[in-house]
$ cat entry_9.txt   # compact mmCIF, C-alpha atoms
# COMPACT_ATOMS: atom_id res chain seq x y z
CA MET A 106 185.99 -90.02 -5.02
CA ASN A 107 184.52 -93.39 -4.03
CA HIS A 108 187.69 -94.96 -2.65
CA PHE A 109 188.37 -95.54 1.04
CA SER A 110 191.49 -97.31 2.37
CA ILE A 111 191.38 -99.54 5.44
CA ALA A 112 193.96 -101.63 7.25
CA GLY A 113 193.03 -104.47 9.56
CA LEU A 114 195.63 -105.13 12.27
CA GLN A 115 195.85 -108.85 13.03
CA LEU A 116 198.03 -108.69 16.15
CA GLU A 117 199.37 -111.25 18.61
CA LEU A 118 197.75 -109.96 21.78
CA ALA A 119 197.80 -111.26 25.33
CA ASN A 120 195.08 -111.34 27.97
CA GLU A 121 196.36 -108.08 29.50
CA ASP A 122 196.76 -104.36 28.87
CA SER A 123 198.00 -104.14 25.26
CA LEU A 124 197.53 -100.40 24.68
CA ALA A 125 201.23 -99.60 24.28
CA LEU A 126 201.71 -102.39 21.72
CA ILE A 127 198.60 -101.33 19.81
CA ALA A 128 199.75 -97.70 19.69
CA LYS A 129 203.10 -98.84 18.30
CA TYR A 130 201.45 -100.84 15.52
CA ILE A 131 199.03 -98.05 14.63
CA ALA A 132 201.94 -95.61 14.29
CA SER A 133 204.06 -97.99 12.21
CA THR A 134 201.12 -98.94 9.99
CA LYS A 135 200.22 -95.34 9.23
CA LYS A 136 203.88 -94.55 8.55
CA ARG A 137 204.21 -97.46 6.12
CA TYR A 138 200.84 -96.80 4.46
CA PRO A 139 200.34 -93.03 4.75
CA TRP A 140 197.34 -93.18 2.41
CA LEU A 141 195.23 -95.12 4.93
CA ASP A 142 191.87 -93.65 5.95
CA MET A 143 190.97 -96.19 8.67
CA ILE A 144 192.53 -98.80 10.95
CA VAL A 145 190.55 -101.67 12.49
CA LEU A 146 191.57 -103.85 15.44
CA SER A 147 190.27 -107.23 16.61
CA GLU A 148 187.59 -107.83 19.22
CA LEU A 149 188.66 -107.15 22.86
CA ALA A 150 192.07 -106.05 21.58
CA SER A 151 192.83 -103.63 24.40
CA PHE A 152 192.70 -105.93 27.45
CA GLY A 153 191.66 -109.39 26.32
CA ILE A 154 188.78 -111.41 27.71
CA ASP A 155 189.12 -110.51 31.41
CA LYS A 156 186.04 -108.58 32.57
CA LYS A 157 187.95 -106.97 35.44
CA TYR A 158 188.87 -104.20 32.98
CA ALA A 159 185.21 -103.34 32.31
CA GLU A 160 184.52 -99.61 32.74
CA PRO A 161 181.74 -97.19 31.81
CA LEU A 162 182.06 -95.28 28.55
CA PRO A 163 183.42 -92.73 27.85
CA ASN A 164 186.65 -93.54 29.70
CA LYS A 165 190.42 -93.03 29.54
CA THR A 166 190.91 -95.97 27.17
CA GLU A 167 188.51 -94.48 24.64
CA ASP A 168 190.24 -91.11 25.11
CA PHE A 169 193.55 -92.84 24.37
CA TYR A 170 192.21 -94.09 21.04
CA CYS A 171 190.66 -90.71 20.23
CA GLN A 172 194.08 -89.12 20.61
CA LEU A 173 195.68 -91.75 18.36
CA ALA A 174 193.03 -91.19 15.69
CA LYS A 175 193.57 -87.45 15.76
CA GLU A 176 197.36 -87.73 15.86
CA HIS A 177 197.52 -90.05 12.85
CA ASP A 178 194.58 -88.53 10.96
CA ILE A 179 192.71 -91.84 10.67
CA TRP A 180 189.31 -93.25 11.40
CA LEU A 181 189.76 -95.88 14.09
CA ILE A 182 187.74 -98.90 15.19
CA PRO A 183 189.72 -100.12 18.21
CA GLY A 184 188.24 -103.62 18.28
CA SER A 185 186.01 -103.70 21.35
CA LEU A 186 186.20 -103.68 25.12
CA PHE A 187 183.95 -104.59 28.00
CA GLU A 188 181.72 -101.68 28.92
CA ARG A 189 180.14 -101.51 32.39
CA ASP A 190 176.72 -99.88 32.53
CA GLY A 191 175.30 -100.14 36.03
CA GLU A 192 174.98 -103.85 36.81
CA HIS A 193 175.42 -104.87 33.18
CA ILE A 194 178.49 -105.52 31.03
CA TYR A 195 178.43 -105.13 27.24
CA ASN A 196 180.96 -105.99 24.54
CA THR A 197 181.24 -102.58 22.90
CA THR A 198 183.17 -100.98 20.08
CA SER A 199 183.64 -97.26 19.50
CA ILE A 200 183.72 -95.64 16.09
CA ILE A 201 186.19 -92.75 16.12
CA ASN A 202 186.70 -90.32 13.24
CA ASN A 203 189.97 -88.80 12.09
CA LYS A 204 189.38 -85.72 14.24
CA GLY A 205 189.43 -87.87 17.37
CA GLU A 206 185.67 -87.73 17.91
CA VAL A 207 183.48 -90.68 18.91
CA VAL A 208 180.74 -90.73 16.27
CA ASP A 209 178.93 -93.78 17.68
CA ARG A 210 179.24 -96.93 19.79
CA TYR A 211 177.98 -100.44 19.07
CA ARG A 212 177.11 -103.10 21.64
CA LYS A 213 177.44 -106.69 20.42
CA ILE A 214 173.95 -108.04 19.79
CA PHE A 215 174.89 -111.72 19.87
CA PRO A 216 177.41 -112.52 22.64
CA PHE A 217 178.97 -115.96 22.18
CA TYR A 218 176.60 -117.79 24.53
CA PRO A 219 176.99 -120.02 26.48
CA TYR A 220 180.72 -119.22 26.55
CA GLU A 221 180.59 -115.42 26.79
CA GLN A 222 178.83 -115.52 30.14
CA GLY A 223 177.94 -112.33 31.97
CA VAL A 224 177.72 -110.18 28.84
CA GLU A 225 174.42 -108.53 27.96
CA CYS A 226 172.99 -108.32 24.45
CA GLY A 227 173.05 -104.98 22.70
CA SER A 228 169.87 -103.81 20.99
CA ASN A 229 170.82 -101.17 18.40
CA TYR A 230 172.19 -101.52 14.89
CA VAL A 231 174.91 -99.00 14.04
CA VAL A 232 175.91 -97.58 10.68
CA PHE A 233 178.08 -94.52 10.13
CA ASP A 234 179.08 -92.36 7.20
CA VAL A 235 182.56 -91.71 5.91
CA PRO A 236 182.94 -89.17 3.10
CA GLN A 237 182.85 -91.91 0.45
CA GLY A 238 180.09 -94.20 1.71
CA ARG A 239 178.29 -95.88 4.60
CA ILE A 240 179.71 -98.60 6.85
CA GLY A 241 177.98 -100.96 9.29
CA ILE A 242 179.61 -102.36 12.40
CA ALA A 243 179.08 -105.71 14.14
CA ILE A 244 181.24 -107.94 16.34
CA CYS A 245 182.48 -111.53 15.86
CA TYR A 246 179.58 -113.92 16.58
CA ASP A 247 177.16 -111.43 15.01
CA LEU A 248 178.53 -112.75 11.70
CA TRP A 249 176.72 -116.04 12.31
CA PHE A 250 173.33 -114.31 12.25
CA PRO A 251 172.29 -113.04 8.80
CA GLU A 252 169.63 -110.89 10.44
CA VAL A 253 172.33 -108.51 11.70
CA ALA A 254 173.92 -107.97 8.30
CA ARG A 255 170.52 -107.63 6.61
CA ALA A 256 169.41 -104.99 9.12
CA LEU A 257 172.64 -103.04 8.58
CA THR A 258 172.16 -103.28 4.82
CA CYS A 259 168.60 -102.03 5.15
CA LEU A 260 170.11 -99.02 6.93
CA GLY A 261 172.34 -98.39 3.93
CA ALA A 262 175.59 -100.16 4.87
CA GLU A 263 177.83 -100.67 1.84
CA MET A 264 180.50 -102.38 3.91
CA ILE A 265 180.28 -104.33 7.17
CA ILE A 266 183.22 -104.54 9.57
CA TYR A 267 183.48 -107.31 12.14
CA PRO A 268 186.16 -107.03 14.87
CA THR A 269 186.62 -110.71 15.74
CA LEU A 270 188.20 -112.91 18.40
CA THR A 271 188.21 -116.54 17.26
CA GLY A 272 190.78 -119.06 18.42
CA THR A 273 188.74 -122.18 17.82
CA ILE A 274 188.42 -124.73 15.02
CA ASP A 275 185.33 -123.04 13.55
CA ARG A 276 187.34 -120.27 11.89
CA PRO A 277 187.05 -121.96 8.46
CA GLN A 278 183.26 -121.81 8.82
CA GLU A 279 183.49 -118.10 9.61
CA LEU A 280 185.45 -117.50 6.43
CA ILE A 281 182.60 -119.05 4.48
CA LEU A 282 180.09 -116.92 6.39
CA ALA A 283 182.06 -113.78 5.53
CA GLN A 284 181.81 -114.60 1.83
CA ALA A 285 178.13 -115.52 2.11
CA THR A 286 177.37 -112.27 3.94
CA ALA A 287 179.06 -110.23 1.22
CA ILE A 288 177.15 -112.08 -1.51
CA GLN A 289 173.74 -111.90 0.18
CA ASN A 290 174.05 -108.20 0.96
CA GLN A 291 176.10 -107.14 -2.07
CA CYS A 292 178.63 -105.36 0.14
CA TYR A 293 182.22 -105.45 1.32
CA VAL A 294 182.97 -107.48 4.45
CA LEU A 295 186.06 -107.14 6.63
CA ALA A 296 186.52 -109.51 9.60
CA VAL A 297 189.68 -108.77 11.61
CA ASN A 298 190.74 -111.54 13.98
CA ALA A 299 193.52 -111.63 16.59
CA ALA A 300 196.60 -113.83 16.37
CA GLY A 301 198.69 -115.50 19.07
CA SER A 302 197.22 -116.99 22.25
CA LEU A 303 193.79 -115.35 21.86
CA GLY A 304 193.04 -115.85 18.17
CA ASN A 305 194.04 -117.99 15.22
CA GLY A 306 194.17 -115.17 12.68
CA GLN A 307 192.88 -115.78 9.15
CA SER A 308 191.38 -112.31 8.95
CA ILE A 309 189.50 -111.84 5.70
CA ALA A 310 188.43 -109.07 3.34
CA VAL A 311 185.67 -109.89 0.85
CA GLY A 312 184.37 -107.91 -2.10
CA PRO A 313 180.68 -107.31 -2.89
CA GLN A 314 180.52 -110.27 -5.30
CA GLY A 315 181.95 -112.68 -2.72
CA ASP A 316 185.49 -112.50 -4.08
CA VAL A 317 188.21 -112.85 -1.44
CA LEU A 318 190.33 -109.71 -1.65
CA TYR A 319 192.77 -111.04 0.93
CA GLN A 320 192.96 -113.73 3.59
CA ALA A 321 195.67 -113.53 6.24
CA GLY A 322 197.66 -116.36 7.75
CA SER A 323 197.78 -117.15 11.46
CA ASP A 324 200.53 -114.76 12.62
CA THR A 325 200.75 -110.99 13.09
CA GLU A 326 199.84 -109.31 9.85
CA VAL A 327 198.59 -106.01 8.44
CA LEU A 328 195.79 -106.14 5.85
CA PRO A 329 195.69 -102.90 3.83
CA ILE A 330 192.82 -102.83 1.32
CA GLU A 331 191.12 -100.20 -0.78
CA VAL A 332 187.32 -100.15 -0.88
CA ASP A 333 185.52 -98.74 -3.93
CA PHE A 334 181.97 -97.91 -2.92
CA SER A 335 181.00 -97.35 -6.56
CA VAL A 336 181.49 -101.10 -7.11
CA VAL A 337 178.86 -101.79 -4.44
CA ARG A 338 176.43 -99.34 -6.02
CA ARG A 339 176.97 -100.77 -9.49
CA ASN A 340 176.51 -104.30 -8.16
CA ARG A 341 173.29 -103.38 -6.39
CA GLU A 342 171.97 -101.52 -9.41
CA ARG A 343 172.60 -104.21 -12.03
CA GLY A 344 172.93 -107.43 -10.05
CA LEU A 345 175.69 -109.69 -8.80
CA LEU A 346 177.55 -110.89 -11.90
CA MET A 347 174.77 -109.10 -13.82
CA LEU A 348 172.37 -111.77 -12.54
CA GLY A 349 170.82 -111.97 -9.06
CA GLN A 350 169.57 -108.77 -7.42
CA PRO A 351 168.97 -110.09 -3.88
CA LEU A 352 168.47 -106.73 -2.17
CA LYS A 353 165.82 -105.57 -4.61
CA SER A 354 164.13 -108.97 -4.49
CA PHE A 355 164.15 -108.86 -0.69
CA ARG A 356 162.75 -105.33 -0.67
CA ASP A 357 159.92 -106.22 -3.06
CA ASN A 358 158.91 -109.51 -1.39
CA LYS A 359 156.17 -108.60 1.08
CA VAL A 360 156.30 -111.93 2.88
CA ALA A 361 160.05 -112.27 3.39
CA VAL A 362 160.62 -108.70 4.55
CA GLY A 363 158.79 -109.36 7.85
CA LYS A 364 160.34 -107.56 10.80
CA TYR A 365 162.63 -105.53 8.54
CA SER A 366 159.69 -103.57 7.16
CA GLU A 367 159.95 -100.93 9.89
CA ILE A 368 163.62 -100.33 9.10
CA ILE A 369 162.93 -100.14 5.37
CA ASN A 370 159.99 -97.78 5.84
CA LYS A 371 162.02 -95.44 8.04
CA ASN A 372 164.78 -94.97 5.50
CA ASN A 373 165.02 -94.88 1.75
CA GLU A 374 168.21 -96.89 1.18
CA LEU A 375 166.75 -100.00 -0.41
CA ASN A 376 164.09 -97.96 -2.18
CA SER A 377 166.84 -95.94 -3.83
CA LEU A 378 168.22 -99.00 -5.65
CA GLY A 379 165.75 -98.66 -8.47
CA GLU A 380 163.38 -101.09 -10.15
CA LEU A 381 163.91 -104.85 -10.08
CA LYS A 382 164.39 -105.59 -13.76
CA ILE A 383 166.87 -107.02 -16.25
CA PRO A 384 169.62 -104.40 -16.74
CA ALA A 385 169.77 -102.61 -20.07
CA SER A 386 172.93 -102.07 -22.11
CA ASP A 387 174.91 -99.03 -21.00
CA THR A 388 175.41 -98.04 -24.63
CA LYS A 389 171.72 -97.14 -24.83
CA LYS A 390 172.25 -94.48 -22.20
CA LEU A 391 174.80 -92.79 -24.44
CA GLN A 392 172.54 -92.57 -27.48
$ encode --input "entry_9.txt" --output "structure tokens"
Amino acid sequence: MNHFSIAGLQLELANEDSLALIAKYIASTKKRYPWLDMIVLSELASFGIDKKYAEPLPNKTEDFYCQLAKEHDIWLIPGSLFERDGEHIYNTTSIINNKGEVVDRYRKIFPFYPYEQGVECGSNYVVFDVPQGRIGIAICYDLWFPEVARALTCLGAEMIIYPTLTGTIDRPQELILAQATAIQNQCYVLAVNAAGSLGNGQSIAVGPQGDVLYQAGSDTEVLPIEVDFSVVRRNRERGLLMLGQPLKSFRDNKVAVGKYSEIINKNNELNSLGELKIPASDTKKLQ
């Protein structure tokens, strides 16, 4: 099976402890859509933008989400929260599997400077495997930097998830960036924004050919989608709309690859896509 079902929760959240509200929505969403494999929340969903809640990880909030993931048998990306590490604060998301285990954590590489003051830059790209495919994780403003998505794709990401917190007039530009990211990297993109006083919604799910699978409005909304990783693999094998093969072209261009060469050399994901050539008719394979 290549299918994986994900729901983004676009919630009206306040700048305070929202854990009880989030737990309620997770339970009701799983009850309404029992076939879901994963639930994704918006950036800083748990406590909002106040850094007074920053704590080292692991902590009781992460444990809270681990219990929810196990109880509802879902993978869970609980948006992000401020993580304190010594004198530094990071904007960090945890990736939790359906057994309630933290499989990895990602620190936002591009904080929204100069507005997101006091938050350090993360330095590691994070991808993780679900039974059906590989997913990359980034946070909000990371979407504005194609280097992040390209690095995740070089590590084999077939979908990129962006917990997001945008309440400003540049949300339309971010919707365009989500489509462009999907097209350039021939992957699914899911950007889950908050609603209410912290965000203006318009969460978006994009397919690997840049097609908008769904775009939410500005209020509380649940976005249940089904991802088919075989569509990504087919797209990357034969080209977007049977035309451009940007990942293969990037891989084979010795000038453009630049700083990504180390990532590509350390793993075989782009090399596994096959030769850059005009696709043949499938009927020939059956003869």
$ residues_around --input "entry_9.txt" --residues "segment 253-268 of chain A" --least-positions-apart "2" --cutoff "7 Å" --atoms "all atoms listed in the file" --output "NGL selection string"
:A and (146-148 or 184 or 230 or 232 or 238-245 or 247 or 250-251 or 290 or 292-298 or 334 or 337 or 365 or 368-369 or 372 or 374-375)
$ residues_around --input "entry_9.txt" --residues "Gly379 of chain A" --least-positions-apart "5" --cutoff "10 Å" --atoms "all atoms listed in the file" --output "list in words"
Arg341, Glu342, Arg343 and Lys353 of chain A
$ write_last_selection --input "entry_9.txt" --atoms "C-alpha atoms" --output "PDB file, keeping the file's coordinate frame"
ATOM      1  CA  ARG A 341     173.290-103.380  -6.390  1.00  0.00           C
ATOM      2  CA  GLU A 342     171.970-101.520  -9.410  1.00  0.00           C
ATOM      3  CA  ARG A 343     172.600-104.210 -12.030  1.00  0.00           C
ATOM      4  CA  LYS A 353     165.820-105.570  -4.610  1.00  0.00           C
TER       5      LYS A 353
END
$ residues_around --input "entry_9.txt" --residues "Tyr138 of chain A" --least-positions-apart "5" --cutoff "12 Å" --atoms "all atoms listed in the file" --output "list in words"
Ser110, Ile111, Ala112, Tyr130, Ile131, Ala132, Ser133, Met143, Ile144, His177, Ile179, Val327, Leu328, Pro329, Ile330 and Glu331 of chain A
$ closest_residue --input "entry_9.txt" --among "A:Gly113, A:Pro216, A:Gly223, A:Asp178" --to "Ala159 of chain A" --atoms "all atoms listed in the file"
A:Gly223
$ residues_around --input "entry_9.txt" --residues "Phe187 of chain A" --least-positions-apart "5" --cutoff "8 Å" --atoms "only C-alpha atoms" --output "count of residues only"
9
$ residues_near_point --input "entry_9.txt" --point "(184.7, -101.0, 19.2)" --cutoff "6 Å" --atoms "only C-alpha atoms" --output "list in words"
Ile182, Pro183, Gly184, Ser185, Thr197, Thr198 and Ser199 of chain A
$ write_last_selection --input "entry_9.txt" --atoms "C-alpha atoms" --output "compact mmCIF listing (two decimals), in the frame of the given file"
# COMPACT_ATOMS: atom_id res chain seq x y z
CA ILE A 182 187.74 -98.90 15.19
CA PRO A 183 189.72 -100.12 18.21
CA GLY A 184 188.24 -103.62 18.28
CA SER A 185 186.01 -103.70 21.35
CA THR A 197 181.24 -102.58 22.90
CA THR A 198 183.17 -100.98 20.08
CA SER A 199 183.64 -97.26 19.50
$ atom_distance --input "entry_9.txt" --atom1 "atom CA of Pro219 of chain A" --atom2 "atom CA of Leu116 of chain A"
26.0 Å
$ atom_distance --input "entry_9.txt" --atom1 "atom CA of Glu176 of chain A" --atom2 "atom CA of Ala321 of chain A"
27.6 Å
$ closest_residue --input "entry_9.txt" --among "A:Val336, A:Leu381, A:Ile154, A:Val235" --to "Phe355 of chain A" --atoms "all atoms listed in the file"
A:Leu381
$ atom_distance --input "entry_9.txt" --atom1 "atom CA of Lys204 of chain A" --atom2 "atom CA of Pro139 of chain A"
16.2 Å
$ closest_residue --input "entry_9.txt" --among "A:Leu173, A:Leu282, A:Val224, A:Ala299" --to "Asp190 of chain A" --atoms "all atoms listed in the file"
A:Val224
$ closest_residue --input "entry_9.txt" --among "A:Leu141, A:Ala310, A:Leu348, A:Leu186" --to "Leu124 of chain A" --atoms "only C-alpha atoms"
A:Leu186
$ closest_residue --input "entry_9.txt" --among "A:Asn358, A:Ser366, A:Thr273, A:Thr286" --to "Gly304 of chain A" --atoms "all atoms listed in the file"
A:Thr273
$ residues_near_point --input "entry_9.txt" --point "(185.9, -95.2, 16.9)" --cutoff "7 Å" --atoms "all atoms listed in the file" --output "ChimeraX atom specification"
/A:180-183,199-202,207-208
